[in-house]
>>> print(open('run.cif').read())   # mmCIF, C-alpha atoms
data_query
#
loop_
_atom_site.label_atom_id
_atom_site.label_comp_id
_atom_site.auth_asym_id
_atom_site.auth_seq_id
_atom_site.Cartn_x
_atom_site.Cartn_y
_atom_site.Cartn_z
CA MET A 730 0.00 0.00 0.00
CA THR A 731 1.28 3.45 -0.90
CA THR A 732 1.43 6.12 1.81
CA ARG A 733 0.62 9.58 0.47
CA VAL A 734 2.45 12.43 2.21
CA ALA A 735 2.26 16.19 1.65
CA PHE A 736 4.92 18.44 3.18
CA GLY A 737 4.45 22.17 3.71
CA ILE A 738 7.53 24.41 3.83
CA PHE A 739 6.69 27.62 5.70
CA ALA A 740 8.72 30.59 4.44
CA HIS A 741 8.54 34.27 5.34
CA ASN A 742 11.39 36.24 3.73
CA GLU A 743 13.62 33.16 3.58
CA ALA A 744 15.33 33.71 0.21
CA ARG A 745 18.73 33.38 1.89
CA ASP A 746 18.19 30.20 3.91
CA LEU A 747 15.61 28.37 1.80
CA PRO A 748 18.07 26.94 -0.80
CA ARG A 749 19.92 25.03 1.91
CA LEU A 750 16.76 23.26 3.05
CA LEU A 751 15.76 22.52 -0.54
CA ASP A 752 19.23 21.06 -1.13
CA ASP A 753 18.68 18.81 1.89
CA ILE A 754 15.31 17.70 0.51
CA CYS A 755 16.95 16.81 -2.81
CA THR A 756 19.07 14.22 -0.95
CA GLN A 757 16.16 12.60 0.91
CA ASP A 758 15.68 8.90 0.21
CA ILE A 759 11.92 9.35 0.48
CA LEU A 760 12.01 10.73 -3.09
CA SER A 761 12.96 7.28 -4.42
CA ASP A 762 10.78 5.23 -2.06
CA VAL A 763 8.18 3.44 -4.20
CA THR A 764 5.97 2.85 -1.14
CA VAL A 765 5.52 6.59 -0.57
CA SER A 766 3.89 9.20 -2.79
CA VAL A 767 5.31 12.54 -1.71
CA GLU A 768 4.71 16.17 -2.64
CA PHE A 769 6.06 19.46 -1.34
CA HIS A 770 4.31 22.82 -1.02
CA LEU A 771 6.46 25.92 -0.63
CA LEU A 772 4.30 28.31 1.42
CA ALA A 773 5.73 31.78 0.91
CA ASN A 774 3.61 34.11 3.02
CA GLY A 775 3.77 37.88 3.33
CA CYS A 776 7.23 37.95 1.75
CA THR A 777 8.90 41.18 0.68
CA ASP A 778 11.88 39.39 -0.85
CA ASP A 779 12.09 36.86 -3.70
CA THR A 780 11.49 33.71 -1.64
CA ALA A 781 8.92 32.31 -4.09
CA GLU A 782 11.12 32.99 -7.13
CA VAL A 783 14.12 31.35 -5.45
CA ALA A 784 11.98 28.25 -4.89
CA ARG A 785 10.78 28.19 -8.49
CA ARG A 786 14.37 28.32 -9.76
CA HIS A 787 15.63 25.58 -7.50
CA ALA A 788 16.58 22.13 -8.77
CA LEU A 789 13.89 20.54 -6.62
CA LYS A 790 11.30 22.02 -8.97
CA ASP A 791 13.01 20.34 -11.92
CA ARG A 792 13.26 17.04 -10.07
CA LEU A 793 9.70 16.82 -8.74
CA GLY A 794 7.75 18.75 -11.36
CA GLU A 795 4.11 19.09 -10.32
CA ALA A 796 4.91 17.40 -7.00
CA PHE A 797 6.67 20.64 -5.96
CA VAL A 798 4.19 23.49 -5.78
CA VAL A 799 5.09 27.09 -4.97
CA HIS A 800 2.39 29.19 -3.30
CA ASP A 801 2.95 32.93 -2.89
CA PHE A 802 0.39 34.22 -0.39
CA PRO A 803 0.26 38.02 0.00
CA GLU A 804 -0.79 37.76 3.67
CA GLY A 805 1.67 36.58 6.29
CA GLY A 806 1.13 34.75 9.55
CA LYS A 807 1.97 31.15 10.33
CA SER A 808 -1.42 30.18 11.73
CA ARG A 809 -3.22 31.57 8.66
CA THR A 810 -0.76 29.77 6.37
CA TRP A 811 -1.10 26.54 8.38
CA ASN A 812 -4.86 26.63 7.86
CA ARG A 813 -4.46 27.20 4.12
CA PHE A 814 -2.03 24.31 3.77
CA VAL A 815 -4.06 21.83 5.80
CA HIS A 816 -7.57 22.75 4.65
CA GLU A 817 -7.08 24.10 1.13
CA GLN A 818 -3.83 23.02 -0.51
CA THR A 819 -3.34 19.36 0.38
CA PRO A 820 -5.11 16.56 -1.47
CA ASP A 821 -8.00 14.79 0.24
CA GLU A 822 -6.21 11.49 -0.32
CA ALA A 823 -3.16 12.48 1.77
CA ASP A 824 -2.55 10.17 4.72
CA LEU A 825 0.10 12.28 6.46
CA LEU A 826 0.95 15.98 6.51
CA GLY A 827 4.46 17.27 7.22
CA PHE A 828 5.45 20.74 8.42
CA LEU A 829 8.91 22.28 7.88
CA ASP A 830 10.29 25.73 8.57
CA ALA A 831 12.31 27.05 5.65
CA ASP A 832 15.37 27.99 7.73
CA ILE A 833 16.22 24.57 9.22
CA ARG A 834 18.61 21.84 8.05
CA LEU A 835 17.65 18.16 7.97
CA GLY A 836 19.80 15.70 9.90
CA GLY A 837 20.42 13.23 7.08
CA PRO A 838 19.03 11.62 3.91
CA GLY A 839 16.72 9.37 5.90
CA HIS A 840 15.16 12.15 7.93
CA LEU A 841 11.77 12.53 6.23
CA SER A 842 11.32 8.82 5.54
CA GLY A 843 12.15 8.14 9.19
CA LEU A 844 9.38 10.48 10.31
CA VAL A 845 6.93 8.75 7.97
CA ARG A 846 7.92 5.27 9.16
CA GLY A 847 7.79 6.36 12.79
CA LEU A 848 4.22 7.65 12.55
CA ALA A 849 2.97 4.88 10.28
CA ALA A 850 4.26 2.23 12.70
CA ARG A 851 2.30 3.58 15.68
CA GLU A 852 -1.47 3.61 15.28
CA ASP A 853 -1.79 5.22 18.71
CA LEU A 854 0.08 8.35 17.58
CA ARG A 855 -1.26 11.48 15.93
CA ALA A 856 2.09 13.26 15.62
CA PHE A 857 5.74 12.32 15.16
CA VAL A 858 8.30 15.02 15.86
CA SER A 859 11.90 15.75 14.94
CA ARG A 860 14.46 16.47 17.66
CA PRO A 861 15.56 20.13 17.52
CA VAL A 862 19.30 20.74 17.78
CA ALA A 863 20.76 24.25 18.08
CA ASP A 864 23.51 25.09 15.61
CA ARG A 865 26.40 26.25 17.80
CA ALA A 866 28.83 26.80 14.96
CA GLY A 867 28.27 30.55 14.81
CA ALA A 868 28.32 31.13 18.58
CA THR A 869 31.77 32.69 18.68
CA THR A 870 31.28 35.34 21.39
CA LEU A 871 30.80 34.78 25.11
CA ILE A 872 27.26 36.22 24.98
CA ALA A 873 26.32 34.07 21.98
CA ARG A 874 27.57 30.90 23.68
CA ALA A 875 25.67 31.74 26.87
CA ILE A 876 22.48 32.38 24.89
CA VAL A 877 22.78 29.08 23.02
CA ARG A 878 23.32 27.16 26.28
CA GLY A 879 20.41 28.88 28.01
CA GLY A 880 18.04 28.67 25.09
CA GLY A 881 18.26 24.94 24.50
CA THR A 882 15.20 22.75 24.32
CA SER A 883 14.05 20.71 27.29
CA GLY A 884 14.21 16.95 27.60
CA ASP A 885 10.47 16.71 26.89
CA TRP A 886 10.79 17.36 23.15
CA GLN A 887 9.23 13.96 22.34
CA ARG A 888 6.03 15.04 24.11
CA ALA A 889 5.86 18.47 22.48
CA ILE A 890 5.28 19.96 19.05
CA CYS A 891 8.30 21.83 17.74
CA GLY A 892 6.89 23.88 14.87
CA GLN A 893 10.16 23.67 12.95
CA CYS A 894 9.65 20.05 11.85
CA TYR A 895 6.88 17.54 12.59
CA LEU A 896 4.43 15.13 10.95
CA LEU A 897 0.69 14.73 11.61
CA ARG A 898 -1.94 12.27 10.56
CA ALA A 899 -4.02 14.14 8.01
CA ALA A 900 -7.31 13.27 9.71
CA ALA A 901 -6.09 14.70 13.02
CA ALA A 902 -4.77 17.87 11.38
CA ARG A 903 -7.99 18.51 9.48
CA HIS A 904 -10.00 18.39 12.69
CA ILE A 905 -8.10 21.48 13.87
CA HIS A 906 -8.14 25.13 12.82
CA LEU A 907 -5.74 27.69 14.25
CA PRO A 908 -7.02 31.17 15.16
CA VAL A 909 -5.72 33.85 12.82
CA GLY A 910 -2.93 35.84 14.46
CA LEU A 911 -1.86 33.18 16.96
CA PRO A 912 1.64 34.24 18.13
CA VAL A 913 2.89 30.72 18.99
CA GLU A 914 1.13 27.80 17.34
CA ASP A 915 3.21 24.91 18.75
CA GLY A 916 1.69 24.69 22.23
CA PHE A 917 -1.80 25.49 20.99
CA LEU A 918 -1.62 22.72 18.40
CA ARG A 919 -0.32 20.24 20.96
CA ALA A 920 -3.23 20.97 23.28
CA MET A 921 -5.75 20.59 20.46
CA LEU A 922 -4.26 17.21 19.48
CA LEU A 923 -4.32 15.85 23.03
CA THR A 924 -7.79 17.13 23.96
CA ASP A 925 -9.71 16.84 20.66
CA CYS A 926 -10.04 20.64 20.55
CA MET A 927 -10.78 20.90 24.28
CA GLU A 928 -13.61 18.37 24.16
CA ARG A 929 -11.93 16.23 26.83
CA LEU A 930 -9.12 16.34 29.34
CA ASP A 931 -5.66 15.34 28.22
CA GLY A 932 -5.86 11.80 26.91
CA PRO A 933 -3.10 9.26 26.29
CA MET A 934 0.08 10.80 24.92
CA SER A 935 -0.29 10.69 21.13
CA ILE A 936 2.98 12.48 20.27
CA SER A 937 6.38 10.86 20.00
CA GLY A 938 9.68 11.05 18.16
CA ASN A 939 12.94 9.26 17.45
CA PRO A 940 16.10 10.88 18.91
CA ASP A 941 18.02 9.71 15.83
CA LEU A 942 15.84 11.97 13.67
CA TRP A 943 16.98 15.53 14.29
CA HIS A 944 17.07 18.86 12.55
CA LEU A 945 19.38 21.82 12.96
CA PHE A 946 18.07 25.29 13.73
CA GLU A 947 19.88 28.58 14.15
CA PRO A 948 19.30 30.04 17.63
CA GLU A 949 19.37 33.71 18.48
CA ARG A 950 22.96 34.90 18.89
CA THR A 951 22.51 38.48 20.15
CA LEU A 952 21.12 39.62 23.47
CA GLY A 953 18.47 41.78 21.78
CA GLY A 954 17.35 38.94 19.53
CA PHE A 955 17.25 36.53 22.46
CA LEU A 956 15.08 38.89 24.52
CA ARG A 957 12.67 39.46 21.63
CA HIS A 958 12.40 35.72 21.00
CA GLN A 959 11.78 34.92 24.66
CA GLN A 960 9.21 37.71 24.89
CA ARG A 961 7.34 36.25 21.94
CA ILE A 962 7.34 32.80 23.60
CA ILE A 963 5.95 34.19 26.85
CA VAL A 964 3.32 36.33 25.09
CA GLY A 965 2.33 33.31 23.00
CA GLY A 966 2.07 31.08 26.06
CA ALA A 967 -0.10 33.60 27.88
CA VAL A 968 -2.32 33.96 24.81
CA ASN A 969 -2.71 30.17 24.57
CA THR A 970 -3.60 29.92 28.27
CA ALA A 971 -6.32 32.53 27.83
CA LEU A 972 -7.69 30.77 24.73
CA PHE A 973 -7.83 27.41 26.49
CA THR A 974 -10.00 29.01 29.17
CA ALA A 975 -12.23 30.61 26.54
CA LEU A 976 -12.67 27.36 24.60
CA ARG A 977 -13.53 25.37 27.71
CA ALA A 978 -16.37 27.80 28.33
CA GLU A 979 -17.95 26.93 24.97
CA PRO A 980 -20.71 24.27 24.94
CA ASP A 981 -19.58 20.68 24.49
CA GLY A 982 -19.41 19.56 20.88
CA THR A 983 -19.06 23.10 19.50
CA ARG A 984 -15.37 23.90 20.08
CA ALA A 985 -13.99 22.62 16.77
CA ALA A 986 -16.62 24.64 14.92
CA GLU A 987 -15.71 27.71 16.98
CA LEU A 988 -12.05 27.28 15.95
CA ALA A 989 -13.14 27.02 12.32
CA ARG A 990 -14.82 30.40 12.73
CA ALA A 991 -11.69 31.78 14.41
CA ALA A 992 -9.67 30.75 11.36
CA GLN A 993 -11.87 32.92 9.14
CA ASP A 994 -12.30 35.94 11.42
CA PRO A 995 -9.17 38.11 11.96
CA GLY A 996 -10.85 39.83 14.90
CA TRP A 997 -11.74 36.66 16.83
CA LEU A 998 -8.47 36.35 18.72
CA GLY A 999 -8.39 39.97 19.87
CA ARG A 1000 -11.95 39.79 21.17
CA ARG A 1001 -11.23 36.63 23.15
CA LEU A 1002 -8.11 38.12 24.71
CA ARG A 1003 -9.98 41.21 25.80
CA GLU A 1004 -12.61 38.97 27.39
CA GLN A 1005 -10.09 36.79 29.25
CA LEU A 1006 -7.26 39.16 30.20
CA PRO A 1007 -6.21 40.39 32.66
CA THR A 1008 -7.08 37.80 35.29
CA ARG A 1009 -7.28 38.49 39.00
CA GLN A 1010 -4.62 35.89 39.84
CA TYR A 1011 -1.70 37.05 37.71
CA GLY A 1012 -2.63 39.91 35.40
CA TRP A 1013 -1.86 39.19 31.75
CA VAL A 1014 0.93 36.59 32.05
CA PRO A 1015 0.91 33.66 34.53
CA TRP A 1016 3.74 33.57 37.07
CA SER A 1017 4.68 30.08 35.90
CA PHE A 1018 6.36 31.51 32.81
CA LEU A 1019 8.82 33.38 35.02
CA TYR A 1020 10.06 30.19 36.69
CA LYS A 1021 9.91 27.77 33.76
CA ARG A 1022 13.60 28.00 32.76
CA ALA A 1023 14.69 27.77 36.40
CA GLY A 1024 12.72 24.53 36.69
CA HIS A 1025 14.45 23.08 33.65
CA MET A 1026 17.90 24.12 34.87
CA THR A 1027 17.42 22.63 38.35
CA ALA A 1028 15.99 19.33 37.10
CA ASN A 1029 18.08 16.15 36.89
CA LEU A 1030 21.09 17.32 38.87
CA HIS A 1031 22.78 13.91 38.99
CA ARG A 1032 26.37 14.59 37.93
CA PRO A 1033 28.81 17.20 39.30
CA ALA A 1034 28.79 18.88 35.87
CA ASP A 1035 25.01 19.27 36.13
CA TRP A 1036 25.39 21.43 39.23
CA LEU A 1037 27.44 23.93 37.24
CA ARG A 1038 24.18 25.01 35.62
CA LEU A 1039 23.20 26.61 38.91
CA VAL A 1040 26.04 29.11 38.56
CA ARG A 1041 24.30 30.55 35.50
CA LEU A 1042 20.83 30.45 37.04
CA PRO A 1043 20.79 33.97 38.62
CA ALA A 1044 21.80 35.62 35.34
CA TYR A 1045 19.16 33.75 33.34
CA PHE A 1046 16.52 34.48 35.98
CA CYS A 1047 17.27 38.21 35.75
CA LEU A 1048 16.89 38.04 31.96
CA ASP A 1049 13.64 36.12 32.30
CA LEU A 1050 12.34 38.72 34.77
CA VAL A 1051 13.01 41.48 32.22
CA VAL A 1052 11.27 39.48 29.50
CA TYR A 1053 8.35 38.66 31.79
CA LEU A 1054 7.76 42.31 32.69
CA ARG A 1055 8.01 43.36 29.04
CA ALA A 1056 5.49 40.67 28.09
CA GLN A 1057 3.09 41.91 30.78
CA TYR A 1058 3.45 45.42 29.36
CA ARG A 1059 2.88 44.28 25.77
CA LEU A 1060 -0.30 42.40 26.62
CA ALA A 1061 -1.53 45.25 28.81
CA ARG A 1062 -1.27 47.47 25.73
CA GLY A 1063 -3.36 45.00 23.76
CA ILE A 1064 -0.46 43.62 21.72
CA GLY A 1065 -1.11 39.89 21.66
CA GLU A 1066 -2.59 38.78 18.35
CA ASN A 1067 -0.23 38.85 15.37
CA TYR A 1068 2.65 39.53 17.76
CA TRP A 1069 6.17 38.76 16.58
#
>>> encode(input="run.cif", output="structure tokens")
Amino acid sequence: MTTRVAFGIFAHNEARDLPRLLDDICTQDILSDVTVSVEFHLLANGCTDDTAEVARRHALKDRLGEAFVVHDFPEGGKSRTWNRFVHEQTPDEADLLGFLDADIRLGGPGHLSGLVRGLAAREDLRAFVSRPVADRAGATTLIARAIVRGGGTSGDWQRAICGQCYLLRAAAARHIHLPVGLPVEDGFLRAMLLTDCMERLDGPMSISGNPDLWHLFEPERTLGGFLRHQQRIIVGGAVNTALFTALRAEPDGTRAAELARAAQDPGWLGRRLREQLPTRQYGWVPWSFLYKRAGHMTANLHRPADWLRLVRLPAYFCLDLVVYLRAQYRLARGIGENYW
């Protein structure tokens, strides 16, 4: 039986980095696998550079022909583009849908086929994820090295959705719509997968991954970039928390339909945030976001080298406090939807 897979490559002003990912795709053994029918959709969205033209000129277009489709959407936004890919661009016959950011590098020629095999082999799973690895090659300054160390992913990557590279069952993806303007889609998507769009409490873990399947991403290397990135993560997490509360208040059996409306209405997210925030307990951003990194850094202190992390903890906590206060200020000003 042939497995049909459609991959979406999300690109916003990625003319510089996109060719490297496309080169990696050209080497993937999935292209010659007779048991898999594969297609790729380049999703240029809101670009002001020549991302779409770079994709059209690339050798992957010559190699795949109509199986490599370039879309040039005038409107940006990852959640809006995600909805278009899942609900409008992919064939109804697709079994699996893959999601790639245009600025990553794939870990080897068996990367994409490994994701497909991993998900196909587990009927209990809805998602199979790639392990994110920070590219430390360009971290040449003391500040850059400290940022890379402090910004690493947690050990729970196999239970999370990293938006840079993952695979979903098509049926599960098509049950979900993302609100337009969602700042951080990863955690929101994970919650929707595990709760059937908030129709039940968290069920059995339906997300997994193989540590041998990894992708390389370029972390922030400047202090300003790091602070902006962390602020976006905290704002996005606070927005998601507010939306989960709002969705739970909807009548049972109506939440997926409400998300479908949110995907069509650019004003939906802003209205929901104004209804939910601030809260009496914590204002606009929960206190838990302030202590999250500290929790990761103090976990699993088994070896003497692990305790060295505590030396860096005060500095990172001070940075997180600055980011936390800035995120509170941003949300207090009504800057939540479409935030980047």
>>> resolve_selection(input="run.cif", expression="the PyMOL selection byres ((chain A and resi 863) around 8)", output="list in words")
Pro861, Val862, Asp864, Arg865, Val877, Gly881, Leu945, Phe946, Glu947 and Pro948 of chain A
>>> closest_residue(input="run.cif", among="A:Pro1015, A:Arg1022, A:His840, A:Arg809", to="Ala1044 in chain A", atoms="only C-alpha atoms")
A:Arg1022
>>> resolve_selection(input="run.cif", expression="the PyMOL selection byres ((chain A and resi 988-1005) around 6)", output="PyMOL selection string")
chain A and resi 906-909+971+985-987+1006
>>> write_last_selection(input="run.cif", atoms="C-alpha atoms", output="short mmCIF file (atom, residue, chain, number, x, y, z; two decimals), keeping the file's coordinate frame")
data_model
loop_
_atom_site.label_atom_id
_atom_site.label_comp_id
_atom_site.auth_asym_id
_atom_site.auth_seq_id
_atom_site.Cartn_x
_atom_site.Cartn_y
_atom_site.Cartn_z
CA HIS A 906 -8.14 25.13 12.82
CA LEU A 907 -5.74 27.69 14.25
CA PRO A 908 -7.02 31.17 15.16
CA VAL A 909 -5.72 33.85 12.82
CA ALA A 971 -6.32 32.53 27.83
CA ALA A 985 -13.99 22.62 16.77
CA ALA A 986 -16.62 24.64 14.92
CA GLU A 987 -15.71 27.71 16.98
CA LEU A 1006 -7.26 39.16 30.20
#
>>> closest_residue(input="run.cif", among="A:Thr983, A:Thr780, A:Gln1010, A:Gln893", to="Leu829 in chain A", atoms="all atoms listed in the file")
A:Gln893
>>> residues_around(input="run.cif", residues="Val767 in chain A", least_positions_apart="5", cutoff="10 Å", atoms="all atoms listed in the file", output="count of residues only")
16
>>> resolve_selection(input="run.cif", expression="the PyMOL selection byres ((chain A and resi 1041-1043) around 9)", output="ChimeraX atom specification")
/A:875,879,1022-1023,1026-1027,1037-1040,1044-1048
>>> write_last_selection(input="run.cif", atoms="C-alpha atoms", output="short mmCIF file (atom, residue, chain, number, x, y, z; two decimals), in the frame of the given file")
data_model
loop_
_atom_site.label_atom_id
_atom_site.label_comp_id
_atom_site.auth_asym_id
_atom_site.auth_seq_id
_atom_site.Cartn_x
_atom_site.Cartn_y
_atom_site.Cartn_z
CA ALA A 875 25.67 31.74 26.87
CA GLY A 879 20.41 28.88 28.01
CA ARG A 1022 13.60 28.00 32.76
CA ALA A 1023 14.69 27.77 36.40
CA MET A 1026 17.90 24.12 34.87
CA THR A 1027 17.42 22.63 38.35
CA LEU A 1037 27.44 23.93 37.24
CA ARG A 1038 24.18 25.01 35.62
CA LEU A 1039 23.20 26.61 38.91
CA VAL A 1040 26.04 29.11 38.56
CA ALA A 1044 21.80 35.62 35.34
CA TYR A 1045 19.16 33.75 33.34
CA PHE A 1046 16.52 34.48 35.98
CA CYS A 1047 17.27 38.21 35.75
CA LEU A 1048 16.89 38.04 31.96
#
>>> residues_around(input="run.cif", residues="Lys1021 in chain A", least_positions_apart="4", cutoff="12 Å", atoms="all atoms listed in the file", output="compact mmCIF listing (two decimals) with C-alpha atoms, in the frame of the given file")
# COMPACT_ATOMS: atom_id res chain seq x y z
CA GLY A 880 18.04 28.67 25.09
CA THR A 882 15.20 22.75 24.32
CA SER A 883 14.05 20.71 27.29
CA GLN A 959 11.78 34.92 24.66
CA ILE A 962 7.34 32.80 23.60
CA ILE A 963 5.95 34.19 26.85
CA GLY A 966 2.07 31.08 26.06
CA PRO A 1015 0.91 33.66 34.53
CA TRP A 1016 3.74 33.57 37.07
CA SER A 1017 4.68 30.08 35.90
CA HIS A 1025 14.45 23.08 33.65
CA MET A 1026 17.90 24.12 34.87
CA THR A 1027 17.42 22.63 38.35
CA ALA A 1028 15.99 19.33 37.10
CA LEU A 1042 20.83 30.45 37.04
CA TYR A 1045 19.16 33.75 33.34
CA PHE A 1046 16.52 34.48 35.98
CA ASP A 1049 13.64 36.12 32.30
CA LEU A 1050 12.34 38.72 34.77
CA TYR A 1053 8.35 38.66 31.79
>>> residues_around(input="run.cif", residues="Val815 in chain A", least_positions_apart="6", cutoff="10 Å", atoms="only C-alpha atoms", output="MDAnalysis selection string")
chainID A and resid 735:737 821 826:828 899:900 902:906
>>> residues_around(input="run.cif", residues="Asp832 in chain A", least_positions_apart="6", cutoff="8 Å", atoms="all atoms listed in the file", output="ChimeraX atom specification")
/A:740,743,746-747,749-750,946-947
>>> closest_residue(input="run.cif", among="A:Ala856, A:Ala889, A:Ala850, A:Leu1019", to="Ser935 in chain A", atoms="only C-alpha atoms")
A:Ala856
>>> closest_residue(input="run.cif", among="A:Met934, A:Leu896, A:Leu835, A:Val783", to="Asp753 in chain A", atoms="only C-alpha atoms")
A:Leu835
>>> atom_distance(input="run.cif", atom1="CA of Thr777 in chain A", atom2="CA of Pro803 in chain A")
9.2 Å
>>> atom_distance(input="run.cif", atom1="CA of Ala781 in chain A", atom2="CA of Gly839 in chain A")
26.2 Å
>>> atom_distance(input="run.cif", atom1="CA of Thr970 in chain A", atom2="CA of Arg919 in chain A")
12.6 Å
>>> residues_around(input="run.cif", residues="Pro940 in chain A", least_positions_apart="6", cutoff="12 Å", atoms="only C-alpha atoms", output="ChimeraX atom specification")
/A:836,840,843-844,847,857-862,884-887
>>> axis_aligned_box(input="run.cif", around="range 731-743 of chain A", padding_each_side="8 Å", output="JSON")
{"center_x": 7.1, "center_y": 19.8, "center_z": 2.4, "size_x": 29.0, "size_y": 48.8, "size_z": 22.6}
>>> build_atoms(input="run.cif", residues="range 1027-1043 of chain A", atoms="N, CA, C and O atoms", output="PDB file, in the frame of the given file")
ATOM      1  N   THR A1027      17.202  23.302  37.068  1.00  0.00           N
ATOM      2  CA  THR A1027      17.420  22.630  38.350  1.00  0.00           C
ATOM      3  C   THR A1027      16.946  21.177  38.334  1.00  0.00           C
ATOM      4  O   THR A1027      17.054  20.479  39.351  1.00  0.00           O
ATOM      5  N   ALA A1028      16.442  20.716  37.209  1.00  0.00           N
ATOM      6  CA  ALA A1028      15.990  19.330  37.100  1.00  0.00           C
ATOM      7  C   ALA A1028      17.163  18.414  36.752  1.00  0.00           C
ATOM      8  O   ALA A1028      18.122  18.815  36.086  1.00  0.00           O
ATOM      9  N   ASN A1029      17.109  17.196  37.240  1.00  0.00           N
ATOM     10  CA  ASN A1029      18.080  16.150  36.890  1.00  0.00           C
ATOM     11  C   ASN A1029      19.515  16.554  37.201  1.00  0.00           C
ATOM     12  O   ASN A1029      20.410  16.468  36.369  1.00  0.00           O
ATOM     13  N   LEU A1030      19.739  16.963  38.437  1.00  0.00           N
ATOM     14  CA  LEU A1030      21.090  17.320  38.870  1.00  0.00           C
ATOM     15  C   LEU A1030      21.770  16.082  39.444  1.00  0.00           C
ATOM     16  O   LEU A1030      21.908  15.918  40.664  1.00  0.00           O
ATOM     17  N   HIS A1031      22.213  15.191  38.557  1.00  0.00           N
ATOM     18  CA  HIS A1031      22.780  13.910  38.990  1.00  0.00           C
ATOM     19  C   HIS A1031      24.296  13.913  38.994  1.00  0.00           C
ATOM     20  O   HIS A1031      24.916  13.286  39.848  1.00  0.00           O
ATOM     21  N   ARG A1032      24.907  14.596  38.046  1.00  0.00           N
ATOM     22  CA  ARG A1032      26.370  14.590  37.930  1.00  0.00           C
ATOM     23  C   ARG A1032      26.928  15.918  38.448  1.00  0.00           C
ATOM     24  O   ARG A1032      26.225  16.933  38.460  1.00  0.00           O
ATOM     25  N   PRO A1033      28.202  15.922  38.865  1.00  0.00           N
ATOM     26  CA  PRO A1033      28.810  17.200  39.300  1.00  0.00           C
ATOM     27  C   PRO A1033      28.722  18.280  38.232  1.00  0.00           C
ATOM     28  O   PRO A1033      28.495  19.455  38.556  1.00  0.00           O
ATOM     29  N   ALA A1034      28.861  17.885  36.946  1.00  0.00           N
ATOM     30  CA  ALA A1034      28.790  18.880  35.870  1.00  0.00           C
ATOM     31  C   ALA A1034      27.397  19.500  35.789  1.00  0.00           C
ATOM     32  O   ALA A1034      27.253  20.667  35.378  1.00  0.00           O
ATOM     33  N   ASP A1035      26.369  18.735  36.174  1.00  0.00           N
ATOM     34  CA  ASP A1035      25.010  19.270  36.130  1.00  0.00           C
ATOM     35  C   ASP A1035      24.839  20.444  37.090  1.00  0.00           C
ATOM     36  O   ASP A1035      24.095  21.390  36.816  1.00  0.00           O
ATOM     37  N   TRP A1036      25.535  20.381  38.223  1.00  0.00           N
ATOM     38  CA  TRP A1036      25.390  21.430  39.230  1.00  0.00           C
ATOM     39  C   TRP A1036      25.994  22.745  38.761  1.00  0.00           C
ATOM     40  O   TRP A1036      25.674  23.803  39.316  1.00  0.00           O
ATOM     41  N   LEU A1037      26.864  22.699  37.763  1.00  0.00           N
ATOM     42  CA  LEU A1037      27.440  23.930  37.240  1.00  0.00           C
ATOM     43  C   LEU A1037      26.376  24.813  36.590  1.00  0.00           C
ATOM     44  O   LEU A1037      26.561  26.027  36.447  1.00  0.00           O
ATOM     45  N   ARG A1038      25.260  24.211  36.194  1.00  0.00           N
ATOM     46  CA  ARG A1038      24.180  25.010  35.620  1.00  0.00           C
ATOM     47  C   ARG A1038      23.653  26.034  36.610  1.00  0.00           C
ATOM     48  O   ARG A1038      23.181  27.105  36.227  1.00  0.00           O
ATOM     49  N   LEU A1039      23.731  25.710  37.898  1.00  0.00           N
ATOM     50  CA  LEU A1039      23.200  26.610  38.910  1.00  0.00           C
ATOM     51  C   LEU A1039      23.985  27.914  38.994  1.00  0.00           C
ATOM     52  O   LEU A1039      23.453  28.933  39.447  1.00  0.00           O
ATOM     53  N   VAL A1040      25.246  27.883  38.550  1.00  0.00           N
ATOM     54  CA  VAL A1040      26.040  29.110  38.560  1.00  0.00           C
ATOM     55  C   VAL A1040      25.444  30.133  37.602  1.00  0.00           C
ATOM     56  O   VAL A1040      25.472  31.343  37.858  1.00  0.00           O
ATOM     57  N   ARG A1041      24.885  29.643  36.490  1.00  0.00           N
ATOM     58  CA  ARG A1041      24.300  30.550  35.500  1.00  0.00           C
ATOM     59  C   ARG A1041      22.872  30.948  35.814  1.00  0.00           C
ATOM     60  O   ARG A1041      22.318  31.851  35.193  1.00  0.00           O
ATOM     61  N   LEU A1042      22.249  30.244  36.771  1.00  0.00           N
ATOM     62  CA  LEU A1042      20.830  30.450  37.040  1.00  0.00           C
ATOM     63  C   LEU A1042      20.467  31.887  37.400  1.00  0.00           C
ATOM     64  O   LEU A1042      19.478  32.422  36.855  1.00  0.00           O
ATOM     65  N   PRO A1043      21.192  32.580  38.294  1.00  0.00           N
ATOM     66  CA  PRO A1043      20.790  33.970  38.620  1.00  0.00           C
ATOM     67  C   PRO A1043      20.764  34.893  37.399  1.00  0.00           C
ATOM     68  O   PRO A1043      19.851  35.724  37.264  1.00  0.00           O
TER      69      PRO A1043
END
